[in-house]
file final_31.cif (mmCIF, C-alpha atoms and all ligand atoms)
data_work
#
loop_
_atom_site.group_PDB
_atom_site.id
_atom_site.type_symbol
_atom_site.label_atom_id
_atom_site.label_comp_id
_atom_site.auth_asym_id
_atom_site.auth_seq_id
_atom_site.Cartn_x
_atom_site.Cartn_y
_atom_site.Cartn_z
ATOM 1 C CA MET A 1 32.775 14.737 -89.083
ATOM 2 C CA SER A 2 29.345 14.106 -87.560
ATOM 3 C CA ALA A 3 28.573 10.747 -85.906
ATOM 4 C CA THR A 4 25.940 8.433 -87.433
ATOM 5 C CA PRO A 5 22.573 9.189 -85.787
ATOM 6 C CA PRO A 6 21.358 6.375 -83.498
ATOM 7 C CA SER A 7 18.149 6.038 -85.531
ATOM 8 C CA THR A 8 20.173 5.202 -88.686
ATOM 9 C CA LEU A 9 21.953 2.438 -86.792
ATOM 10 C CA TRP A 10 18.612 1.201 -85.453
ATOM 11 C CA TYR A 11 17.092 0.960 -88.974
ATOM 12 C CA ALA A 12 20.234 -0.800 -90.242
ATOM 13 C CA SER A 13 19.970 -3.294 -87.400
ATOM 14 C CA LEU A 14 16.265 -3.835 -88.179
ATOM 15 C CA ALA A 15 17.088 -4.516 -91.851
ATOM 16 C CA ALA A 16 19.836 -6.995 -90.905
ATOM 17 C CA GLU A 17 17.588 -8.869 -88.483
ATOM 18 C CA LEU A 18 14.670 -9.030 -90.953
ATOM 19 C CA ASP A 19 17.092 -10.651 -93.378
ATOM 20 C CA ALA A 20 18.340 -13.039 -90.680
ATOM 21 C CA VAL A 21 14.807 -14.247 -89.855
ATOM 22 C CA GLY A 22 14.073 -14.979 -93.523
ATOM 23 C CA VAL A 23 11.953 -12.006 -94.637
ATOM 24 C CA ALA A 24 12.365 -11.485 -98.404
ATOM 25 C CA ALA A 25 14.196 -8.295 -99.452
ATOM 26 C CA ALA A 26 11.168 -6.581 -101.043
ATOM 27 C CA GLU A 27 8.989 -7.304 -98.013
ATOM 28 C CA ALA A 28 11.752 -6.136 -95.666
ATOM 29 C CA GLY A 29 12.007 -2.859 -97.591
ATOM 30 C CA ARG A 30 8.273 -2.312 -97.268
ATOM 31 C CA LEU A 31 8.388 -3.035 -93.519
ATOM 32 C CA LEU A 32 11.306 -0.637 -93.056
ATOM 33 C CA GLU A 33 9.442 2.139 -94.852
ATOM 34 C CA ALA A 34 6.280 1.544 -92.809
ATOM 35 C CA THR A 35 8.277 1.522 -89.554
ATOM 36 C CA ARG A 36 10.079 4.730 -90.498
ATOM 37 C CA ALA A 37 6.797 6.408 -91.438
ATOM 38 C CA GLU A 38 5.184 5.359 -88.147
ATOM 39 C CA ALA A 39 8.096 6.721 -86.085
ATOM 40 C CA GLU A 40 8.203 9.968 -88.056
ATOM 41 C CA ALA A 41 4.446 10.466 -87.731
ATOM 42 C CA ALA A 42 4.847 10.187 -83.967
ATOM 43 C CA SER A 43 8.055 12.307 -84.006
ATOM 44 C CA ALA A 44 9.613 9.523 -81.968
ATOM 45 C CA ASP A 45 12.989 7.841 -81.885
ATOM 46 C CA PRO A 46 12.458 4.299 -83.311
ATOM 47 C CA ALA A 47 14.345 2.635 -80.437
ATOM 48 C CA ALA A 48 12.142 4.387 -77.874
ATOM 49 C CA MET A 49 8.990 3.594 -79.813
ATOM 50 C CA PHE A 50 9.605 0.014 -80.914
ATOM 51 C CA GLY A 51 12.267 -1.231 -78.498
ATOM 52 C CA PRO A 52 15.346 -3.219 -79.571
ATOM 53 C CA ALA A 53 15.490 -3.605 -83.378
ATOM 54 C CA THR A 54 16.276 -7.337 -83.136
ATOM 55 C CA LEU A 55 13.107 -8.052 -81.134
ATOM 56 C CA TYR A 56 10.945 -5.781 -83.279
ATOM 57 C CA ALA A 57 12.165 -7.584 -86.418
ATOM 58 C CA ARG A 58 11.067 -10.921 -84.959
ATOM 59 C CA GLU A 59 7.706 -9.446 -84.083
ATOM 60 C CA LEU A 60 7.245 -8.119 -87.627
ATOM 61 C CA ALA A 61 8.305 -11.452 -89.127
ATOM 62 C CA GLY A 62 5.824 -13.300 -86.890
ATOM 63 C CA ALA A 63 3.007 -10.902 -87.828
ATOM 64 C CA LEU A 64 3.854 -11.335 -91.509
ATOM 65 C CA ARG A 65 3.656 -15.106 -91.297
ATOM 66 C CA ALA A 66 0.392 -14.857 -89.398
ATOM 67 C CA ALA A 67 -1.151 -12.416 -91.860
ATOM 68 C CA GLU A 68 -0.489 -14.366 -95.034
ATOM 69 C CA PRO A 69 -0.165 -18.031 -94.166
ATOM 70 C CA ALA A 70 -1.692 -19.551 -97.281
ATOM 71 C CA ARG A 71 -1.547 -16.987 -100.082
ATOM 72 C CA ARG A 72 2.153 -16.556 -100.441
ATOM 73 C CA PRO A 73 4.886 -18.610 -98.839
ATOM 74 C CA LEU A 74 7.657 -16.552 -97.262
ATOM 75 C CA ALA A 75 11.271 -17.065 -98.035
ATOM 76 C CA PRO A 76 12.363 -20.384 -96.508
ATOM 77 C CA ALA A 77 12.008 -20.265 -92.733
ATOM 78 C CA PRO A 78 15.343 -20.061 -90.970
ATOM 79 C CA ALA A 79 16.571 -23.332 -89.518
ATOM 80 C CA PRO A 80 15.176 -23.557 -85.988
ATOM 81 C CA ALA A 81 17.597 -21.874 -83.657
ATOM 82 C CA PRO A 82 19.164 -24.605 -81.619
ATOM 83 C CA GLU A 83 18.902 -23.013 -78.235
ATOM 84 C CA VAL A 84 16.896 -24.620 -75.481
ATOM 85 C CA VAL A 85 14.355 -22.186 -74.011
ATOM 86 C CA LEU A 86 13.083 -24.497 -71.264
ATOM 87 C CA ARG A 87 14.717 -27.471 -69.571
ATOM 88 C CA LEU A 88 13.124 -29.494 -66.767
ATOM 89 C CA ARG A 89 15.120 -32.161 -64.967
ATOM 90 C CA GLY A 90 13.663 -34.597 -62.438
ATOM 91 C CA LEU A 91 10.873 -32.157 -61.637
ATOM 92 C CA THR A 92 8.825 -33.237 -58.634
ATOM 93 C CA VAL A 93 6.083 -31.204 -56.958
ATOM 94 C CA THR A 94 4.270 -32.188 -53.797
ATOM 95 C CA ARG A 95 1.058 -30.399 -52.883
ATOM 96 C CA GLY A 96 -1.703 -30.544 -50.275
ATOM 97 C CA GLY A 97 -1.353 -31.498 -46.602
ATOM 98 C CA LEU A 98 -1.032 -28.967 -43.793
ATOM 99 C CA GLY A 99 0.448 -26.323 -46.047
ATOM 100 C CA GLY A 100 -2.501 -26.423 -48.423
ATOM 101 C CA GLY A 101 -5.041 -24.508 -46.313
ATOM 102 C CA PRO A 102 -7.641 -25.465 -43.706
ATOM 103 C CA ARG A 103 -9.680 -27.668 -46.026
ATOM 104 C CA LEU A 104 -6.681 -29.904 -46.495
ATOM 105 C CA LEU A 105 -5.827 -30.221 -42.778
ATOM 106 C CA GLY A 106 -5.092 -33.804 -41.904
ATOM 107 C CA ARG A 107 -4.724 -34.895 -45.551
ATOM 108 C CA ARG A 108 -1.359 -36.167 -46.587
ATOM 109 C CA ARG A 109 0.803 -34.295 -49.081
ATOM 110 C CA ARG A 110 1.099 -36.105 -52.358
ATOM 111 C CA ALA A 111 3.339 -35.930 -55.385
ATOM 112 C CA VAL A 112 1.427 -34.154 -58.145
ATOM 113 C CA LEU A 113 4.394 -34.291 -60.510
ATOM 114 C CA ARG A 114 7.073 -36.931 -60.261
ATOM 115 C CA ASN A 115 10.431 -36.837 -62.040
ATOM 116 C CA VAL A 116 9.326 -34.899 -65.122
ATOM 117 C CA ASP A 117 12.036 -34.264 -67.737
ATOM 118 C CA LEU A 118 11.552 -31.976 -70.722
ATOM 119 C CA GLU A 119 13.679 -30.037 -73.165
ATOM 120 C CA LEU A 120 11.953 -27.436 -75.346
ATOM 121 C CA ARG A 121 13.759 -25.586 -78.112
ATOM 122 C CA ARG A 122 12.831 -22.449 -79.988
ATOM 123 C CA GLY A 123 10.649 -23.451 -82.939
ATOM 124 C CA GLU A 124 9.037 -26.420 -81.165
ATOM 125 C CA VAL A 125 5.446 -26.812 -79.971
ATOM 126 C CA VAL A 126 4.933 -29.361 -77.194
ATOM 127 C CA ALA A 127 1.514 -30.331 -75.813
ATOM 128 C CA VAL A 128 1.041 -31.283 -72.166
ATOM 129 C CA VAL A 129 -1.822 -33.762 -71.765
ATOM 130 C CA GLY A 130 -3.239 -35.836 -68.922
ATOM 131 C CA ALA A 131 -6.376 -36.505 -66.888
ATOM 132 C CA ASN A 132 -8.002 -33.876 -64.682
ATOM 133 C CA GLY A 133 -5.756 -33.392 -61.663
ATOM 134 C CA ALA A 134 -2.696 -34.901 -63.389
ATOM 135 C CA GLY A 135 -0.758 -31.694 -62.693
ATOM 136 C CA LYS A 136 -0.763 -29.883 -66.041
ATOM 137 C CA SER A 137 -1.486 -26.428 -64.575
ATOM 138 C CA THR A 138 0.913 -27.145 -61.724
ATOM 139 C CA LEU A 139 3.628 -27.840 -64.313
ATOM 140 C CA MET A 140 2.938 -24.525 -66.046
ATOM 141 C CA GLN A 141 3.064 -22.639 -62.732
ATOM 142 C CA VAL A 142 6.444 -24.170 -61.963
ATOM 143 C CA CYS A 143 7.726 -23.332 -65.468
ATOM 144 C CA ALA A 144 6.558 -19.719 -64.997
ATOM 145 C CA GLY A 145 8.340 -19.509 -61.642
ATOM 146 C CA MET A 146 5.130 -19.082 -59.645
ATOM 147 C CA LEU A 147 5.581 -22.310 -57.701
ATOM 148 C CA ALA A 148 8.856 -23.807 -56.456
ATOM 149 C CA PRO A 149 9.481 -27.469 -57.252
ATOM 150 C CA THR A 150 9.906 -29.871 -54.343
ATOM 151 C CA ALA A 151 12.814 -31.486 -56.205
ATOM 152 C CA GLY A 152 14.508 -31.163 -59.579
ATOM 153 C CA THR A 153 15.491 -28.126 -61.620
ATOM 154 C CA VAL A 154 13.918 -25.637 -64.035
ATOM 155 C CA GLU A 155 16.132 -23.721 -66.471
ATOM 156 C CA ARG A 156 14.316 -21.199 -68.578
ATOM 157 C CA THR A 157 14.913 -18.182 -70.769
ATOM 158 C CA GLY A 158 14.218 -14.860 -69.068
ATOM 159 C CA ARG A 159 11.994 -13.735 -71.954
ATOM 160 C CA PHE A 160 8.796 -15.713 -71.602
ATOM 161 C CA GLY A 161 5.053 -15.132 -71.731
ATOM 162 C CA TYR A 162 2.512 -17.043 -69.618
ATOM 163 C CA ALA A 163 -1.216 -17.238 -70.286
ATOM 164 C CA PRO A 164 -2.545 -19.011 -67.193
ATOM 165 C CA GLN A 165 -5.812 -20.918 -67.130
ATOM 166 C CA ARG A 166 -7.283 -18.797 -64.393
ATOM 167 C CA ASP A 167 -6.228 -15.522 -65.839
ATOM 168 C CA CYS A 168 -4.706 -12.662 -63.931
ATOM 169 C CA LEU A 169 -6.766 -9.948 -65.613
ATOM 170 C CA SER A 170 -8.462 -7.192 -63.675
ATOM 171 C CA PRO A 171 -12.179 -6.752 -64.464
ATOM 172 C CA LEU A 172 -12.046 -3.009 -63.719
ATOM 173 C CA LEU A 173 -9.115 -2.126 -65.986
ATOM 174 C CA THR A 174 -9.642 -1.475 -69.694
ATOM 175 C CA VAL A 175 -8.079 -3.459 -72.526
ATOM 176 C CA ASP A 176 -5.547 -0.701 -73.247
ATOM 177 C CA GLU A 177 -4.683 -0.338 -69.558
ATOM 178 C CA HIS A 178 -3.857 -4.061 -69.473
ATOM 179 C CA LEU A 179 -1.717 -3.722 -72.590
ATOM 180 C CA ALA A 180 0.121 -0.693 -71.155
ATOM 181 C CA LEU A 181 0.665 -2.408 -67.788
ATOM 182 C CA PHE A 182 2.013 -5.665 -69.204
ATOM 183 C CA GLY A 183 4.008 -3.736 -71.831
ATOM 184 C CA ALA A 184 5.609 -1.547 -69.155
ATOM 185 C CA ALA A 185 6.743 -4.678 -67.323
ATOM 186 C CA ARG A 186 8.602 -5.549 -70.536
ATOM 187 C CA ARG A 187 9.950 -2.023 -70.978
ATOM 188 C CA GLN A 188 7.713 -1.320 -73.976
ATOM 189 C CA SER A 189 6.219 2.092 -74.608
ATOM 190 C CA ARG A 190 2.461 2.443 -74.150
ATOM 191 C CA ARG A 191 2.074 3.165 -77.854
ATOM 192 C CA ARG A 192 3.943 0.085 -78.945
ATOM 193 C CA SER A 193 2.100 -2.196 -76.478
ATOM 194 C CA THR A 194 -1.250 -0.890 -77.689
ATOM 195 C CA THR A 195 -0.380 -1.203 -81.377
ATOM 196 C CA THR A 196 1.004 -4.719 -80.967
ATOM 197 C CA GLY A 197 -1.847 -5.801 -78.688
ATOM 198 C CA HIS A 198 -4.534 -4.566 -81.065
ATOM 199 C CA ARG A 199 -2.822 -6.303 -83.974
ATOM 200 C CA LEU A 200 -2.693 -9.608 -82.063
ATOM 201 C CA LEU A 201 -6.318 -9.256 -80.998
ATOM 202 C CA SER A 202 -7.457 -8.584 -84.533
ATOM 203 C CA ARG A 203 -5.598 -11.719 -85.668
ATOM 204 C CA LEU A 204 -7.673 -13.593 -83.096
ATOM 205 C CA GLY A 205 -10.828 -12.188 -84.653
ATOM 206 C CA TRP A 206 -11.592 -9.316 -82.273
ATOM 207 C CA ARG A 207 -11.286 -5.695 -83.318
ATOM 208 C CA ALA A 208 -10.149 -4.342 -79.981
ATOM 209 C CA ARG A 209 -12.148 -1.686 -78.195
ATOM 210 C CA GLY A 210 -9.306 -0.354 -76.094
ATOM 211 C CA ALA A 211 -11.459 1.641 -73.680
ATOM 212 C CA GLN A 212 -13.653 -1.308 -72.720
ATOM 213 C CA ARG A 213 -13.300 -2.779 -69.235
ATOM 214 C CA LEU A 214 -12.280 -6.420 -69.111
ATOM 215 C CA GLY A 215 -15.143 -7.372 -66.825
ATOM 216 C CA THR A 216 -17.637 -6.408 -69.517
ATOM 217 C CA LEU A 217 -16.116 -8.682 -72.208
ATOM 218 C CA SER A 218 -17.259 -12.235 -72.951
ATOM 219 C CA GLY A 219 -15.159 -15.086 -71.536
ATOM 220 C CA GLY A 220 -13.739 -15.953 -74.974
ATOM 221 C CA THR A 221 -12.766 -12.327 -75.659
ATOM 222 C CA GLN A 222 -11.103 -12.047 -72.239
ATOM 223 C CA GLN A 223 -9.114 -15.152 -73.136
ATOM 224 C CA LYS A 224 -7.981 -13.427 -76.357
ATOM 225 C CA VAL A 225 -6.680 -10.520 -74.261
ATOM 226 C CA ASN A 226 -4.973 -13.019 -71.942
ATOM 227 C CA LEU A 227 -3.177 -14.514 -74.964
ATOM 228 C CA ALA A 228 -2.249 -11.136 -76.472
ATOM 229 C CA LEU A 229 -0.660 -10.121 -73.143
ATOM 230 C CA ALA A 230 1.466 -13.280 -73.103
ATOM 231 C CA GLN A 231 2.730 -12.674 -76.657
ATOM 232 C CA LEU A 232 3.154 -8.894 -76.382
ATOM 233 C CA ASP A 233 6.940 -8.809 -76.882
ATOM 234 C CA ALA A 234 7.383 -11.921 -79.054
ATOM 235 C CA PRO A 235 9.004 -13.849 -76.183
ATOM 236 C CA ASP A 236 11.400 -16.782 -76.568
ATOM 237 C CA LEU A 237 9.077 -19.091 -74.643
ATOM 238 C CA LEU A 238 5.279 -19.187 -74.494
ATOM 239 C CA LEU A 239 3.453 -21.072 -71.738
ATOM 240 C CA LEU A 240 -0.212 -21.483 -72.703
ATOM 241 C CA ASP A 241 -2.610 -23.232 -70.323
ATOM 242 C CA GLU A 242 -5.661 -24.353 -72.339
ATOM 243 C CA PRO A 243 -5.415 -21.273 -74.574
ATOM 244 C CA TYR A 244 -8.597 -21.951 -76.556
ATOM 245 C CA GLN A 245 -10.992 -21.734 -73.583
ATOM 246 C CA GLY A 246 -14.238 -20.059 -74.618
ATOM 247 C CA PHE A 247 -13.168 -19.796 -78.269
ATOM 248 C CA ASP A 248 -15.599 -20.353 -81.127
ATOM 249 C CA THR A 249 -14.509 -22.472 -84.090
ATOM 250 C CA SER A 250 -13.024 -19.638 -86.120
ATOM 251 C CA ALA A 251 -11.079 -18.211 -83.161
ATOM 252 C CA TYR A 252 -9.739 -21.728 -82.524
ATOM 253 C CA GLU A 253 -8.552 -21.980 -86.166
ATOM 254 C CA GLU A 254 -6.994 -18.505 -85.964
ATOM 255 C CA LEU A 255 -5.218 -19.442 -82.744
ATOM 256 C CA TRP A 256 -3.528 -22.376 -84.483
ATOM 257 C CA GLU A 257 -2.456 -20.151 -87.384
ATOM 258 C CA LEU A 258 -0.939 -17.794 -84.835
ATOM 259 C CA ILE A 259 0.781 -20.592 -82.920
ATOM 260 C CA ASP A 260 2.286 -21.686 -86.206
ATOM 261 C CA ALA A 261 3.553 -18.129 -86.778
ATOM 262 C CA TRP A 262 4.776 -17.686 -83.202
ATOM 263 C CA ARG A 263 6.929 -20.800 -83.388
ATOM 264 C CA ALA A 264 9.219 -18.848 -85.754
ATOM 265 C CA THR A 265 10.489 -16.969 -82.720
ATOM 266 C CA SER A 266 9.405 -19.032 -79.696
ATOM 267 C CA GLY A 267 9.266 -22.456 -78.132
ATOM 268 C CA ILE A 268 5.666 -23.159 -77.101
ATOM 269 C CA LEU A 269 4.439 -25.371 -74.247
ATOM 270 C CA LEU A 270 0.680 -25.759 -74.315
ATOM 271 C CA VAL A 271 -1.803 -27.602 -72.113
ATOM 272 C CA THR A 272 -4.653 -29.169 -74.016
ATOM 273 C CA HIS A 273 -7.523 -31.612 -73.628
ATOM 274 C CA LEU A 274 -8.313 -31.627 -77.345
ATOM 275 C CA LEU A 275 -7.223 -34.701 -79.269
ATOM 276 C CA ARG A 276 -7.091 -32.652 -82.452
ATOM 277 C CA ASP A 277 -4.375 -30.415 -80.994
ATOM 278 C CA VAL A 278 -2.161 -33.417 -80.388
ATOM 279 C CA GLY A 279 -1.936 -33.921 -84.162
ATOM 280 C CA LEU A 280 -0.764 -30.317 -84.635
ATOM 281 C CA VAL A 281 2.204 -30.305 -82.271
ATOM 282 C CA ASP A 282 5.749 -31.652 -82.516
ATOM 283 C CA ARG A 283 5.729 -33.701 -79.317
ATOM 284 C CA VAL A 284 3.421 -34.651 -76.487
ATOM 285 C CA LEU A 285 4.280 -34.763 -72.789
ATOM 286 C CA GLU A 286 1.733 -37.068 -71.176
ATOM 287 C CA LEU A 287 1.428 -36.818 -67.416
ATOM 288 C CA PRO A 288 0.298 -39.979 -65.608
ATOM 289 C CA SER A 289 -3.159 -40.051 -64.018
ATOM 290 C CA PRO A 290 -3.229 -38.723 -60.458
ATOM 291 C CA GLU A 291 -2.971 -41.044 -57.484
ATOM 292 C CA VAL A 292 -6.296 -41.720 -55.827
ATOM 293 C CA ASP A 293 -6.565 -39.488 -52.756
ATOM 294 C CA ARG A 294 -6.957 -41.490 -49.610
HETATM 295 N N1 LIG B 301 -3.117 -24.280 -54.606
HETATM 296 C C1 LIG B 301 -3.150 -25.605 -54.429
HETATM 297 N N2 LIG B 301 -2.903 -26.135 -53.217
HETATM 298 C C2 LIG B 301 -2.907 -27.459 -53.015
HETATM 299 N N3 LIG B 301 -3.149 -28.364 -53.981
HETATM 300 C C3 LIG B 301 -3.408 -27.892 -55.209
HETATM 301 C C4 LIG B 301 -3.429 -26.497 -55.498
HETATM 302 N N4 LIG B 301 -3.714 -26.337 -56.820
HETATM 303 C C5 LIG B 301 -3.872 -27.574 -57.326
HETATM 304 N N5 LIG B 301 -3.698 -28.502 -56.356
HETATM 305 C C6 LIG B 301 -3.784 -29.955 -56.533
HETATM 306 O O1 LIG B 301 -2.790 -30.354 -57.460
HETATM 307 C C7 LIG B 301 -3.299 -31.413 -58.261
HETATM 308 C C8 LIG B 301 -3.057 -31.077 -59.727
HETATM 309 O O2 LIG B 301 -3.872 -29.940 -60.074
HETATM 310 P P1 LIG B 301 -3.704 -29.220 -61.496
HETATM 311 O O3 LIG B 301 -4.669 -28.090 -61.497
HETATM 312 O O4 LIG B 301 -2.280 -28.969 -61.734
HETATM 313 O O5 LIG B 301 -4.215 -30.401 -62.458
HETATM 314 P P2 LIG B 301 -4.599 -30.315 -64.019
HETATM 315 O O6 LIG B 301 -3.979 -31.513 -64.669
HETATM 316 O O7 LIG B 301 -4.248 -28.990 -64.567
HETATM 317 O O8 LIG B 301 -6.174 -30.490 -63.948
HETATM 318 P P3 LIG B 301 -7.336 -30.006 -64.982
HETATM 319 O O9 LIG B 301 -7.237 -30.886 -66.186
HETATM 320 O O10 LIG B 301 -8.584 -30.278 -64.205
HETATM 321 O O11 LIG B 301 -7.138 -28.542 -65.281
HETATM 322 C C9 LIG B 301 -4.770 -31.598 -57.894
HETATM 323 O O12 LIG B 301 -4.880 -32.696 -57.013
HETATM 324 C C10 LIG B 301 -5.107 -30.339 -57.170
HETATM 325 O O13 LIG B 301 -6.075 -30.589 -56.177
#
call {"tool": "encode", "arguments": {"input": "final_31.cif", "output": "structure tokens"}}
result
Amino acid sequence: MSATPPSTLWYASLAAELDAVGVAAAEAGRLLEATRAEAEAASADPAAMFGPATLYARELAGALRAAEPARRPLAPAPAPAPEVVLRLRGLTVTRGGLGGGPRLLGRRRRAVLRNVDLELRRGEVVAVVGANGAGKSTLMQVCAGMLAPTAGTVERTGRFGYAPQRDCLSPLLTVDEHLALFGAARRQSRRRSTTTGHRLLSRLGWRARGAQRLGTLSGGTQQKVNLALAQLDAPDLLLLDEPYQGFDTSAYEELWELIDAWRATSGILLVTHLLRDVGLVDRVLELPSPEVDR
């Protein structure tokens, strides 16, 4: 008796997960057919091409919600998964002083963040607000593991995406090279990273020109690439530091539609200065104004 081919198991797992995330049966059937056709056209094993079926199902469900937000409601969204994707306890960060570089010599270190507590669950969107210098970007850096806290703890899912304010894009690499590079770090094939990246970029209103170098794109378009890179593998946690920078009005609207879709699979922590955003999120974490530097 021959064993079941791995691709059959992969498609069965995809179907089960699409059902689990609330995609209606007819829509799930259509997605399965399209996925099968794409893999066959590339003569590729679906697991190698799309990665784990469970993650690909979430990605498809997110794209579906993003593509048709108003026209046709999906089957009822699954109850938000209860798991915490980020937990901060007593987070304190001190910056400046002798360790901060020559310009700061002789200036005392000061607490930028003091005793911050936060619990973020999958399905929630939390805005971080506060005056300039209140420590919003510092908080995101600590959450992303780029800066160690002076005191307190950070517990976070391993699957997260971070779109920093000062992006980490390379002006000499092309759009597709960025997608391939960030995708490889998440064990995605080049083809899948490019397909997913282009789809995300088109949802943000830019029909990607994959061969274009980043340095030749407008600031707003570079920010769209920055966002697409953070969301490339539908992570459990998204850290977005002022994600709308450089966006025109329609890109801003599209971003909020996407955030609404992404919350189906992720918890989202987002820094904003826009009052309007505060009305669109579940909770607000307000950081106190910075101490006056003496
Ligand atoms: N690399 C660094 N070394 C030392 N101090 C820093 C560094 N980066 C930021 N700081 C200081 O940390 C404090 C908080 O800065 P941060 O950028 O986190 O504030 P923010 O709330 O994001 O501000 P904004 O609204 O202007 O973006 C500021 O006093 C800043 O000078």
call {"tool": "resolve_selection", "arguments": {"input": "final_31.cif", "expression": "the PyMOL selection byres (((not hetatm)) within 6 of (chain B and resi 301))", "output": "list in words"}}
result
Arg95, Gly96, Gly100, Val112, Ala131, Asn132, Gly133, Ala134, Gly135, Lys136, Ser137 and Thr138 of chain A
call {"tool": "residues_around", "arguments": {"input": "final_31.cif", "residues": "Pro6 (chain A)", "least_positions_apart": "6", "cutoff": "10 Å", "atoms": "only C-alpha atoms", "output": "ChimeraX atom specification"}}
result
/A:12,45-47
call {"tool": "residues_around", "arguments": {"input": "final_31.cif", "residues": "region 251-256 of chain A", "least_positions_apart": "2", "cutoff": "12 Å", "atoms": "all atoms listed in the file", "output": "PyMOL selection string"}}
result
chain A and resi 66-69+125+200-206+220-221+223-224+227-228+240+242-249+258-263+268+270+274+276-281
call {"tool": "closest_residue", "arguments": {"input": "final_31.cif", "among": "A:Leu214, A:Ala44, A:Ala34, A:Leu113", "to": "Ser289 (chain A)", "atoms": "only C-alpha atoms"}}
result
A:Leu113
call {"tool": "resolve_selection", "arguments": {"input": "final_31.cif", "expression": "the PyMOL selection byres (((chain A and resi 173-176) around 6) and not hetatm)", "output": "number ranges by chain"}}
result
A: 170-172, 177-179, 210-214
call {"tool": "resolve_selection", "arguments": {"input": "final_31.cif", "expression": "the PyMOL selection byres (((chain A and resi 31) around 10) and not hetatm)", "output": "VMD selection string"}}
result
chain A and resid 14 to 15 18 23 25 to 30 32 to 37 57 60 to 61 64
call {"tool": "atom_distance", "arguments": {"input": "final_31.cif", "atom1": "CA of Leu86 (chain A)", "atom2": "CA of Thr194 (chain A)"}}
result
28.4 Å
